[in-house]
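K.L.:
Sharing start.cif (mmCIF, C-alpha atoms and all ligand atoms) below.
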data_query
#
loop_
_atom_site.label_atom_id
_atom_site.label_comp_id
_atom_site.auth_asym_id
_atom_site.auth_seq_id
_atom_site.Cartn_x
_atom_site.Cartn_y
_atom_site.Cartn_z
CA MET Y 1 0.00 0.00 0.00
CA ASN Y 2 1.21 3.47 -0.77
CA PRO Y 3 1.20 5.42 2.50
CA ARG Y 4 1.10 8.68 0.60
CA ALA Y 5 -2.24 7.68 -0.85
CA SER Y 6 -3.67 6.78 2.50
CA HIS Y 7 -5.29 10.04 3.43
CA SER Y 8 -8.48 8.76 1.93
CA VAL Y 9 -8.58 5.81 4.33
CA GLY Y 10 -10.67 7.26 7.10
CA ALA Y 11 -13.44 6.52 9.50
CA THR Y 12 -16.24 4.42 8.19
CA ARG Y 13 -19.81 5.19 9.10
CA GLU Y 14 -20.19 2.34 11.58
CA ASP Y 15 -17.07 3.54 13.37
CA GLY Y 16 -18.74 6.89 13.89
CA ASP Y 17 -17.57 8.07 17.32
CA PRO Y 18 -16.67 11.75 16.78
CA ILE Y 19 -13.54 11.80 18.97
CA GLY Y 20 -12.42 8.44 17.58
CA ALA Y 21 -12.83 9.76 14.03
CA GLU Y 22 -10.94 12.93 14.94
CA ILE Y 23 -8.02 10.97 16.39
CA HIS Y 24 -8.03 8.71 13.33
CA ALA Y 25 -7.96 11.68 10.99
CA LEU Y 26 -4.94 13.18 12.77
CA ALA Y 27 -3.18 9.81 12.80
CA ALA Y 28 -3.85 9.58 9.04
CA GLU Y 29 -2.30 13.00 8.51
CA ILE Y 30 0.98 12.09 10.19
CA TYR Y 31 1.09 8.46 8.98
CA PRO Y 32 2.86 9.09 5.63
CA ILE Y 33 5.80 10.96 7.19
CA CYS Y 34 9.14 9.15 7.31
CA ARG Y 35 10.03 9.68 10.96
CA SER Y 36 13.15 8.44 12.66
CA ILE Y 37 14.91 9.17 15.94
CA THR Y 38 16.23 12.39 14.39
CA GLY Y 39 15.52 14.42 11.29
CA ASP Y 40 12.85 16.37 9.51
CA GLY Y 41 10.23 13.63 9.91
CA VAL Y 42 9.98 14.48 13.60
CA ARG Y 43 9.87 18.21 12.85
CA GLN Y 44 7.18 17.80 10.17
CA THR Y 45 5.11 15.73 12.59
CA LEU Y 46 5.42 18.42 15.27
CA ASP Y 47 4.41 21.03 12.65
CA ILE Y 48 1.13 19.16 12.18
CA LEU Y 49 0.54 18.69 15.91
CA GLU Y 50 1.15 22.41 16.40
CA ARG Y 51 -1.97 23.18 14.41
CA HIS Y 52 -3.82 21.80 17.45
CA ILE Y 53 -1.64 22.61 20.46
CA PRO Y 54 1.32 24.84 21.32
CA ILE Y 55 4.54 22.84 21.35
CA SER Y 56 7.93 23.91 22.58
CA ARG Y 57 10.74 22.21 20.73
CA THR Y 58 14.15 21.25 21.95
CA GLU Y 59 16.97 20.55 19.51
CA VAL Y 60 19.74 18.53 21.11
CA PRO Y 61 23.02 18.61 19.12
CA SER Y 62 24.53 15.42 17.74
CA GLY Y 63 27.34 14.22 19.98
CA THR Y 64 25.71 15.43 23.21
CA ALA Y 65 26.21 12.94 25.99
CA VAL Y 66 22.92 11.82 27.56
CA TYR Y 67 23.62 9.55 30.52
CA ASP Y 68 25.23 6.44 28.99
CA TRP Y 69 24.16 7.41 25.47
CA THR Y 70 25.21 9.93 22.85
CA ILE Y 71 22.86 11.87 20.58
CA PRO Y 72 23.56 10.33 17.15
CA GLN Y 73 24.15 12.08 13.89
CA GLU Y 74 20.99 13.35 12.26
CA TRP Y 75 19.60 11.23 9.43
CA SER Y 76 17.91 12.47 6.33
CA ILE Y 77 16.67 10.61 3.29
CA ARG Y 78 15.45 11.92 -0.03
CA GLN Y 79 14.94 8.86 -2.18
CA ALA Y 80 15.89 5.21 -2.51
CA TRP Y 81 15.28 2.47 -5.02
CA ILE Y 82 16.49 -0.81 -6.49
CA LYS Y 83 16.49 -1.22 -10.28
CA ASN Y 84 16.78 -4.45 -12.21
CA GLU Y 85 18.78 -4.89 -15.40
CA LEU Y 86 15.87 -3.50 -17.43
CA GLY Y 87 16.02 -0.28 -15.43
CA GLN Y 88 12.71 -1.05 -13.74
CA LYS Y 89 12.37 -0.02 -10.10
CA VAL Y 90 11.63 -3.21 -8.19
CA VAL Y 91 11.67 -1.32 -4.88
CA ASP Y 92 10.86 2.36 -4.47
CA PHE Y 93 10.98 4.36 -1.23
CA THR Y 94 8.41 6.80 -2.60
CA ARG Y 95 5.84 3.98 -2.57
CA HIS Y 96 6.35 3.11 1.09
CA ASN Y 97 8.89 4.45 3.54
CA LEU Y 98 9.24 1.06 5.26
CA HIS Y 99 11.15 -0.06 2.14
CA VAL Y 100 14.35 1.47 3.50
CA VAL Y 101 15.95 0.28 6.70
CA ASN Y 102 15.59 3.35 8.89
CA TYR Y 103 18.96 5.15 9.34
CA SER Y 104 20.55 3.45 6.32
CA MET Y 105 23.86 4.87 5.12
CA PRO Y 106 23.96 6.25 1.56
CA VAL Y 107 24.79 3.79 -1.20
CA HIS Y 108 24.89 3.73 -5.00
CA ARG Y 109 26.25 0.48 -6.39
CA ILE Y 110 25.69 -2.31 -8.86
CA LEU Y 111 25.33 -5.60 -7.01
CA SER Y 112 24.86 -9.23 -7.89
CA TYR Y 113 21.65 -10.89 -6.74
CA GLU Y 114 23.59 -12.66 -3.98
CA GLU Y 115 25.13 -9.42 -2.72
CA LEU Y 116 21.77 -7.68 -2.85
CA ALA Y 117 20.03 -10.49 -0.97
CA GLY Y 118 22.35 -9.87 1.99
CA HIS Y 119 20.81 -6.40 2.35
CA ILE Y 120 17.15 -7.37 1.95
CA HIS Y 121 14.86 -7.97 4.93
CA THR Y 122 11.61 -9.88 4.51
CA LEU Y 123 9.12 -11.81 6.61
CA PRO Y 124 8.99 -15.32 5.13
CA ASP Y 125 6.20 -16.27 7.54
CA GLN Y 126 4.13 -13.23 6.54
CA PRO Y 127 5.02 -13.04 2.84
CA ASP Y 128 2.54 -10.26 2.02
CA LEU Y 129 3.83 -7.89 4.70
CA MET Y 130 6.92 -5.76 4.81
CA PRO Y 131 8.94 -5.54 8.02
CA TYR Y 132 10.00 -2.35 9.83
CA ARG Y 133 13.73 -2.38 10.46
CA THR Y 134 16.15 0.16 11.92
CA ILE Y 135 19.91 0.44 12.00
CA TYR Y 136 20.50 3.46 14.24
CA TYR Y 137 23.84 2.54 15.71
CA ALA Y 138 25.65 0.67 12.92
CA GLU Y 139 27.05 1.88 9.61
CA ASN Y 140 25.17 -0.22 7.11
CA TRP Y 141 22.21 -0.02 4.79
CA GLY Y 142 19.31 -2.21 3.76
CA PHE Y 143 15.92 -2.54 2.13
CA CYS Y 144 12.70 -4.20 3.27
CA MET Y 145 10.36 -6.03 0.93
CA ARG Y 146 7.36 -8.28 0.91
CA HIS Y 147 8.76 -11.81 0.79
CA ARG Y 148 6.48 -12.55 -2.14
CA ASP Y 149 8.06 -9.71 -4.13
CA PHE Y 150 11.56 -10.72 -3.09
CA GLU Y 151 10.96 -14.22 -4.45
CA LYS Y 152 10.22 -12.71 -7.86
CA LEU Y 153 13.72 -11.23 -8.11
CA GLY Y 154 15.82 -13.38 -10.41
CA PRO Y 155 19.56 -13.73 -10.83
CA GLY Y 156 21.36 -10.83 -12.45
CA SER Y 157 22.69 -7.48 -11.39
CA TYR Y 158 20.85 -4.77 -9.54
CA GLU Y 159 21.49 -1.07 -9.13
CA VAL Y 160 20.83 0.12 -5.56
CA PHE Y 161 20.54 3.76 -4.62
CA ILE Y 162 19.89 5.29 -1.23
CA ASP Y 163 20.12 9.06 -1.30
CA ALA Y 164 20.49 9.56 2.44
CA GLU Y 165 22.98 11.14 4.76
CA ARG Y 166 24.06 11.17 8.35
CA PHE Y 167 25.44 14.48 9.49
CA THR Y 168 26.11 16.53 12.59
CA GLY Y 169 22.70 17.96 13.34
CA HIS Y 170 20.16 17.58 16.12
CA LEU Y 171 17.63 15.34 17.79
CA THR Y 172 14.27 17.05 18.14
CA TYR Y 173 11.63 16.55 20.80
CA GLY Y 174 8.47 18.48 21.53
CA GLU Y 175 6.60 19.25 24.70
CA CYS Y 176 3.24 20.81 25.48
CA VAL Y 177 2.85 22.03 29.07
CA ILE Y 178 -0.61 22.86 30.40
CA PRO Y 179 -0.28 24.65 33.74
CA GLY Y 180 -2.67 23.66 36.50
CA GLU Y 181 -3.40 25.12 39.91
CA THR Y 182 -0.50 23.16 41.40
CA ASP Y 183 2.89 22.25 40.04
CA GLN Y 184 2.15 18.57 40.63
CA VAL Y 185 2.73 17.03 37.23
CA PHE Y 186 0.82 14.44 35.24
CA LEU Y 187 3.17 13.25 32.49
CA LEU Y 188 1.85 11.82 29.21
CA SER Y 189 4.42 10.56 26.76
CA ALA Y 190 4.39 9.16 23.22
CA HIS Y 191 7.34 8.18 21.08
CA ILE Y 192 7.61 10.01 17.77
CA CYS Y 193 10.20 8.04 15.82
CA HIS Y 194 8.43 5.38 13.76
CA PRO Y 195 7.76 5.95 10.06
CA SER Y 196 4.50 4.73 8.49
CA LEU Y 197 3.18 2.63 11.36
CA ALA Y 198 -0.32 3.60 12.41
CA ASN Y 199 -0.94 1.81 15.70
CA ASP Y 200 2.61 1.71 16.97
CA ASN Y 201 3.13 5.40 16.93
CA CYS Y 202 0.56 7.52 15.07
CA SER Y 203 -2.34 6.43 17.30
CA GLY Y 204 -0.62 7.48 20.53
CA ILE Y 205 0.71 10.75 19.12
CA ALA Y 206 -2.73 11.70 17.75
CA LEU Y 207 -4.65 10.72 20.88
CA LEU Y 208 -2.34 12.68 23.19
CA THR Y 209 -2.39 15.73 20.92
CA LEU Y 210 -6.18 15.92 20.99
CA LEU Y 211 -6.21 15.19 24.72
CA ALA Y 212 -3.84 18.12 25.28
CA LYS Y 213 -6.12 20.25 23.13
CA GLU Y 214 -9.08 19.35 25.32
CA LEU Y 215 -7.24 19.99 28.58
CA LEU Y 216 -6.06 23.38 27.28
CA ALA Y 217 -9.71 24.40 27.04
CA ARG Y 218 -10.52 23.30 30.61
CA GLN Y 219 -10.48 25.63 33.58
CA GLY Y 220 -9.19 24.83 37.03
CA LEU Y 221 -7.07 21.77 36.42
CA ARG Y 222 -5.47 20.60 39.63
CA HIS Y 223 -2.40 19.12 37.96
CA THR Y 224 0.05 20.56 35.51
CA TYR Y 225 0.08 18.36 32.40
CA ARG Y 226 3.27 17.74 30.46
CA PHE Y 227 2.85 16.05 27.10
CA ILE Y 228 6.13 14.70 25.72
CA PHE Y 229 6.58 13.82 22.06
CA ALA Y 230 10.10 12.43 21.96
CA PRO Y 231 11.90 9.85 19.84
CA GLY Y 232 11.95 6.47 21.59
CA THR Y 233 14.69 5.80 24.16
CA ILE Y 234 17.25 8.45 23.17
CA GLY Y 235 14.60 11.20 22.99
CA ALA Y 236 13.09 10.29 26.35
CA LEU Y 237 16.58 10.17 27.86
CA ALA Y 238 17.34 13.60 26.40
CA TRP Y 239 14.13 14.96 27.94
CA LEU Y 240 14.91 13.38 31.31
CA SER Y 241 18.46 14.75 31.29
CA ARG Y 242 17.16 18.27 30.73
CA ASN Y 243 14.38 18.09 33.30
CA GLU Y 244 16.04 16.35 36.23
CA ASP Y 245 15.36 19.27 38.57
CA GLU Y 246 11.62 18.93 38.03
CA LEU Y 247 11.18 15.18 38.10
CA ASP Y 248 10.19 15.09 41.77
CA ARG Y 249 7.00 16.93 40.82
CA ILE Y 250 5.81 14.07 38.64
CA GLN Y 251 2.93 12.51 40.53
CA HIS Y 252 1.48 10.38 37.75
CA GLY Y 253 2.55 9.34 34.28
CA LEU Y 254 1.47 7.28 31.33
CA VAL Y 255 3.31 6.18 28.24
CA VAL Y 256 0.74 5.79 25.48
CA SER Y 257 1.23 3.68 22.36
CA CYS Y 258 -0.70 1.23 20.19
CA VAL Y 259 -4.10 2.58 21.26
CA GLY Y 260 -6.03 2.09 18.02
CA ASP Y 261 -6.44 -1.66 17.59
CA GLY Y 262 -9.25 -3.76 19.02
CA GLY Y 263 -7.17 -5.82 21.44
CA GLY Y 264 -6.60 -5.47 25.16
CA PRO Y 265 -6.77 -2.98 26.73
CA THR Y 266 -3.46 -3.64 28.40
CA TYR Y 267 -1.89 -1.75 31.27
CA LYS Y 268 1.64 -2.36 32.45
CA ARG Y 269 2.22 -1.06 35.95
CA SER Y 270 4.99 1.32 36.87
CA ARG Y 271 8.11 -0.11 38.48
CA ARG Y 272 6.69 0.99 41.84
CA GLY Y 273 3.75 -1.33 41.23
CA ASN Y 274 1.27 0.38 43.56
CA ALA Y 275 1.59 4.02 42.56
CA PHE Y 276 -1.57 6.11 42.31
CA ILE Y 277 -1.46 5.75 38.51
CA ASP Y 278 -1.35 1.96 38.83
CA ARG Y 279 -4.37 1.94 41.11
CA ALA Y 280 -6.26 4.54 39.10
CA MET Y 281 -5.67 2.62 35.87
CA ALA Y 282 -6.91 -0.56 37.54
CA ILE Y 283 -10.13 1.20 38.54
CA ALA Y 284 -10.57 2.85 35.12
CA LEU Y 285 -10.20 -0.50 33.40
CA ARG Y 286 -12.48 -2.23 35.90
CA ASP Y 287 -15.15 0.41 35.30
CA LEU Y 288 -14.82 0.80 31.52
CA ALA Y 289 -13.12 -2.29 30.08
CA PRO Y 290 -13.30 -5.26 32.44
CA GLN Y 291 -11.77 -7.51 29.78
CA ALA Y 292 -8.47 -5.62 30.21
CA THR Y 293 -5.19 -7.22 31.19
CA ILE Y 294 -3.00 -5.67 33.86
CA LEU Y 295 0.64 -6.66 33.85
CA ASP Y 296 3.39 -6.09 36.34
CA PHE Y 297 6.27 -3.89 35.34
CA SER Y 298 8.98 -5.44 33.20
CA PRO Y 299 12.04 -3.66 31.82
CA TYR Y 300 11.07 -4.06 28.17
CA GLY Y 301 8.63 -1.98 26.19
CA TYR Y 302 8.52 1.75 25.45
CA ASP Y 303 9.85 4.78 27.28
CA GLU Y 304 8.52 3.65 30.65
CA ARG Y 305 11.81 1.74 30.61
CA GLN Y 306 13.64 5.06 30.94
CA TYR Y 307 11.14 6.82 33.23
CA CYS Y 308 11.16 3.75 35.50
CA SER Y 309 14.92 3.17 35.47
CA PRO Y 310 16.19 2.95 39.06
CA GLY Y 311 17.77 6.42 39.02
CA PHE Y 312 14.33 7.94 38.37
CA ASN Y 313 11.75 5.33 39.39
CA LEU Y 314 8.92 7.62 38.32
CA PRO Y 315 5.30 6.55 38.72
CA VAL Y 316 4.81 5.98 34.99
CA GLY Y 317 2.87 3.06 33.51
CA LEU Y 318 2.24 1.95 29.94
CA PHE Y 319 -1.23 2.00 28.40
CA GLN Y 320 -1.92 0.06 25.21
CA ARG Y 321 -4.65 -1.90 23.51
CA SER Y 322 -2.80 -5.00 22.26
CA LEU Y 323 0.51 -5.43 24.03
CA PHE Y 324 3.47 -4.51 21.81
CA GLY Y 325 4.93 -7.42 19.90
CA THR Y 326 1.89 -9.64 20.38
CA PHE Y 327 -0.15 -8.78 17.28
CA PRO Y 328 0.85 -10.00 13.80
CA GLU Y 329 0.68 -6.48 12.34
CA TYR Y 330 3.28 -5.20 14.84
CA HIS Y 331 6.27 -3.57 13.12
CA THR Y 332 4.99 -4.48 9.65
CA SER Y 333 3.34 -2.70 6.76
CA ALA Y 334 0.01 -4.12 7.99
CA ASP Y 335 0.11 -1.68 10.91
CA ASN Y 336 -1.65 0.76 8.64
CA LEU Y 337 -4.65 3.09 8.81
CA ASP Y 338 -7.11 0.25 8.31
CA PHE Y 339 -5.73 -1.51 11.37
CA ILE Y 340 -6.62 1.35 13.74
CA ARG Y 341 -10.32 2.09 14.09
CA PRO Y 342 -12.11 5.13 15.49
CA ARG Y 343 -14.18 3.08 17.94
CA HIS Y 344 -11.04 1.57 19.47
CA LEU Y 345 -9.35 4.95 19.61
CA ALA Y 346 -12.47 6.32 21.29
CA LEU Y 347 -12.41 3.70 24.05
CA SER Y 348 -8.70 4.33 24.62
CA TRP Y 349 -9.46 8.05 24.88
CA LYS Y 350 -12.28 7.38 27.35
CA ILE Y 351 -10.03 5.28 29.58
CA ILE Y 352 -7.26 7.88 29.71
CA ARG Y 353 -9.80 10.65 30.34
CA TYR Y 354 -11.28 8.59 33.17
CA VAL Y 355 -7.87 8.24 34.81
CA ILE Y 356 -7.36 11.97 34.51
CA ASP Y 357 -10.77 12.47 36.14
CA ILE Y 358 -9.68 10.24 39.02
CA ALA Y 359 -6.45 12.20 39.47
CA GLU Y 360 -8.29 15.53 39.26
CA ASN Y 361 -11.17 14.62 41.56
CA ASP Y 362 -9.72 12.38 44.23
CA TRP Y 363 -9.95 13.69 47.78
CA THR Y 364 -10.20 12.32 51.28
CA PRO Y 365 -13.44 13.11 53.14
CA VAL Y 366 -14.21 13.07 56.84
CA SER Y 367 -17.79 12.51 58.00
CA LEU Y 368 -19.26 15.11 60.34
CA CYS Y 369 -21.85 12.55 61.42
CA PRO Y 370 -19.81 9.42 62.08
CA LYS Y 371 -21.87 7.94 64.92
CA GLY Y 372 -24.53 5.88 63.26
CA GLU Y 373 -25.72 6.48 59.72
CA PRO Y 374 -26.93 9.99 59.03
CA GLN Y 375 -30.58 10.16 58.05
CA LEU Y 376 -30.34 10.62 54.31
CA GLY Y 377 -34.07 10.73 53.59
CA ARG Y 378 -34.51 13.81 55.78
CA ARG Y 379 -31.91 15.58 53.65
CA GLY Y 380 -33.46 14.50 50.35
CA LEU Y 381 -30.44 12.35 49.56
CA TYR Y 382 -32.00 8.92 49.69
CA GLY Y 383 -33.39 8.60 46.19
CA ALA Y 384 -34.23 4.90 46.09
CA VAL Y 385 -37.10 4.26 43.77
CA GLY Y 386 -38.13 0.69 43.17
CA GLY Y 387 -36.64 -0.54 39.92
CA ASN Y 388 -34.31 2.41 39.42
CA SER Y 389 -31.03 0.59 39.65
CA HIS Y 390 -28.93 3.68 39.10
CA ALA Y 391 -30.65 5.40 42.05
CA SER Y 392 -29.95 2.42 44.23
CA ASP Y 393 -26.32 2.42 43.01
CA GLN Y 394 -26.13 6.04 44.05
CA ASN Y 395 -27.56 5.18 47.45
CA MET Y 396 -25.07 2.37 47.80
CA ALA Y 397 -22.23 4.70 46.83
CA MET Y 398 -23.38 7.21 49.47
CA LEU Y 399 -23.46 4.52 52.15
CA TRP Y 400 -19.95 3.44 51.21
CA VAL Y 401 -18.61 6.98 51.19
CA LEU Y 402 -20.19 7.78 54.57
CA ASN Y 403 -18.88 4.57 56.07
CA LEU Y 404 -15.34 5.04 54.82
CA ALA Y 405 -15.24 8.80 55.46
CA ASP Y 406 -12.95 8.52 58.47
CA GLY Y 407 -10.18 10.65 56.99
CA SER Y 408 -8.05 7.68 56.02
CA HIS Y 409 -9.74 6.68 52.76
CA SER Y 410 -9.52 8.68 49.56
CA LEU Y 411 -12.26 8.41 46.96
CA LEU Y 412 -9.99 6.14 44.95
CA GLU Y 413 -9.61 3.84 47.94
CA MET Y 414 -13.38 3.90 48.42
CA ALA Y 415 -13.87 2.90 44.77
CA GLU Y 416 -11.38 0.08 45.26
CA ARG Y 417 -12.93 -1.24 48.45
CA SER Y 418 -16.58 -0.82 47.53
CA GLY Y 419 -16.39 -2.08 43.96
CA MET Y 420 -18.48 0.95 43.01
CA PRO Y 421 -17.52 2.92 39.88
CA PHE Y 422 -15.26 5.86 40.71
CA THR Y 423 -17.72 8.24 39.08
CA ASP Y 424 -20.52 7.07 41.40
CA VAL Y 425 -18.27 7.45 44.44
CA MET Y 426 -17.23 10.90 43.27
CA THR Y 427 -20.82 12.03 42.72
CA ALA Y 428 -21.94 10.62 46.06
CA ALA Y 429 -19.11 12.41 47.89
CA ARG Y 430 -19.97 15.68 46.18
CA ARG Y 431 -23.62 15.42 47.17
CA LEU Y 432 -22.78 14.51 50.75
CA LYS Y 433 -20.36 17.41 51.00
CA GLU Y 434 -22.96 19.79 49.61
CA ALA Y 435 -25.37 18.49 52.25
CA GLY Y 436 -22.86 19.38 54.97
CA LEU Y 437 -22.12 15.79 55.92
CA LEU Y 438 -18.50 15.65 54.74
CA VAL Y 439 -15.48 17.88 54.90
CA PRO Y 440 -12.08 17.28 53.37
CA ALA Y 441 -9.50 15.71 55.67
CA ALA Y 442 -6.95 18.13 54.24
CA PRO Y 443 -8.03 21.18 52.28
CA PHE Y 444 -5.43 20.67 49.56
CA LEU Y 445 -6.97 17.32 48.74
CA ASP Y 446 -10.32 18.89 47.99
CA PRO Y 447 -10.62 19.69 44.31
CA THR Y 448 -13.57 22.00 44.94
CA ILE Y 449 -11.72 24.40 47.23
ZN ZN L 501 7.71 0.13 17.78
#
What is this file in C-alpha cells?
P.N.:
Amino acid sequence: MNPRASHSVGATREDGDPIGAEIHALAAEIYPICRSITGDGVRQTLDILERHIPISRTEVPSGTAVYDWTIPQEWSIRQAWIKNELGQKVVDFTRHNLHVVNYSMPVHRILSYEELAGHIHTLPDQPDLMPYRTIYYAENWGFCMRHRDFEKLGPGSYEVFIDAERFTGHLTYGECVIPGETDQVFLLSAHICHPSLANDNCSGIALLTLLAKELLARQGLRHTYRFIFAPGTIGALAWLSRNEDELDRIQHGLVVSCVGDGGGPTYKRSRRGNAFIDRAMAIALRDLAPQATILDFSPYGYDERQYCSPGFNLPVGLFQRSLFGTFPEYHTSADNLDFIRPRHLALSWKIIRYVIDIAENDWTPVSLCPKGEPQLGRRGLYGAVGGNSHASDQNMAMLWVLNLADGSHSLLEMAERSGMPFTDVMTAARRLKEAGLLVPAAPFLDPTI
C-alpha cells in the first residue's frame, strides 16, 4: 500500500464516534511521514501537531552525551530504489517508507543478486507484509520487501541507490505544558520516531495531541500536564536529562502507544507497582473495560523503561490496547490506517480521560456525622425508587462513602474497596459534601476548594 495515498482511508460510518474519528484523521495525517529518531520527519510531525496545540521544541546537538548514550548524527533521506537490469524499479521508497531500513547509510552500487540479498529484509512467515527495520547505531544499509516480491527477483545485477545522509545535526523533541493550579505534574508521553506505522506510533501521538487540546480548554485543572513527544529511548533520555530538577513533581505518568487496535486494553504497571497511577488505571479498566489485562512492570517496552529506570523510578505506567509485539501487524506494513479504528481509539481516549478524572477529583473526606448512619431521607439524599437501579447504586455509593469517610480513605480507595464505579463514588461524595455531611481531611486534597 502506498502510505502517501492513504489520506483517503478514514473513518467508516459504523465507526462513527466523533472523537475516535478525529483521532483517526490526525493519525492519518501524520502516517505518511518518514520519521526516525532524528531528522525532519519528527519536525514535520510536530508542525502538524502544532496546528492543534502549542509545542515547545528542543533541539539537542549530535554528539551530546545523555547519561550512557550519545545523541547520534541526524539522518535524512530523499529517495531510494532498487532497479533491475531493465532499469525497472523493483523497490521504491516513494511507494512506502518502510522499504528502507531506517537510518541506512547512503549507497549507490551495482550488485549481484547474492550481494543484494544480503541487504534485503523480509518476513517469510508473513510473505505479504513488509517488516519495519532500523539500524541506528551501525554503519550499514538495507531494504525491506514483501517476501512474495523478493521471491520474484531473479539472478542478475541490480542497481541500488539510497540518497540519504548522516550528518552533525540535532535530535528534536516536543513538549506541550498545560499549567494547572498546582505544580504537581501528570506526564503523558508518546514516542515520535516510527515511520508509516499507524498503531505503533501515530495512534498514541494523535490521541495525546487531541487530549492536550481538550485539557487546554478546561479551567481549574489541579495538575500541571506535560505532554512529551520524543523519539523512543534516546529522545526520552534527552528529555529526562534536561528536566532532572523537576522530576520530583511528577505525581502520575502514562506512556501511550498502540491505542487504536481492538485488542486489550493492556496496562503495564509502573516499576513501583502500587503508585496512584497503577491503582487509578486498575479502577478505570475495571469500570470501563473489564476484559483488560494488567501486567506487572517489566524492563522491556517503550519509554517507561527510561522513566522507571532505578535512578528515576517515576510513577509511569504503559497504556496500550494490544501489548506490543503480540499482534501480527506489529512492526509491519500491515500496521496501517485500516488496522486502527475510530471506535477503538475512542475507548482508549475514554479510559485515559477517566484516569485523569480520578487524578483531578480524588480527595479524602471526613464525616461530620460518624456515629450511626446519618438520616439521608430527611436531607433528600436517599433517592431509592423501586426498579431504578442507578438510584440504588447512588444510594449504595453514598453509604460506602459515609462509612469510609474517616479521613483515612480517599475516593480512589473507596472505589477500590466498595467495587463501586469511581464516578458514582465521586458524585456521592460531592452530594454529601454539599449536604454538609462531609469535609475534606486536608483542604489541599479537595478539588472543589
Ligand atoms: Zn515500535
K.L.:
For ligand ZN 501 (chain L), collect every residue having any atom at a distance of at most 12 Å from a ligand atom (counting all atoms listed in the file); output as a ChimeraX atom specification.
P.N.:
/Y:35-37,131-134,190-204,231-233,256-258,300-303,323-327,329-332,335
K.L.:
Just want the 7 Å neighbourhood of range 417-422 of chain Y, counted on only C-alpha atoms, with same-chain residues fewer than 4 positions away dropped. Output as a VMD selection string.
P.N.:
chain Y and resid 287 397 400 412 to 413 426
K.L.:
Point out the residue among Y:Glu416, Y:Gly311, Y:Val425, Y:Gln184 with the least atom-to-atom distance to Arg286 in chain Y, counting only C-alpha atoms.
P.N.:
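Result for the nearest residue to Arg286 in chain Y: Y:Glu416.
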K.L.:
Enumerate, as a PyMOL selection string, the protein, DNA and RNA residues whose atoms approach (-9.6, 14.0, 38.9) to within 10 Å, taking into account all atoms listed in the file and the coordinate frame of the file.
P.N.:
chain Y and resi 221-223+353-363+412+423+426+447
K.L.:
Skip Arg431 in chain Y itself and residues of its chain fewer than 4 positions away, then list as a list in words all residues within 8 Å of it, counting only C-alpha atoms.
P.N.:
Leu381, Thr427 and Ala435 of chain Y
K.L.:
Counting only C-alpha atoms, which residue out of Y:Ile110, Y:Leu295, Y:Ala289, Y:Val255 sits closest to Arg269 in chain Y?
P.N.:
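Smallest separation from Arg269 in chain Y among the options: Y:Leu295.
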K.L.:
Rank Y:Pro61, Y:Gly263, Y:Gly41, Y:Pro179 by their smallest atom-to-atom distance to Ser76 in chain Y, using only C-alpha atoms, and report the top residue only.
P.N.:
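Checking each of Y:Pro61, Y:Gly263, Y:Gly41, Y:Pro179 against Ser76 in chain Y, counting only C-alpha atoms, the winner is Y:Gly41.
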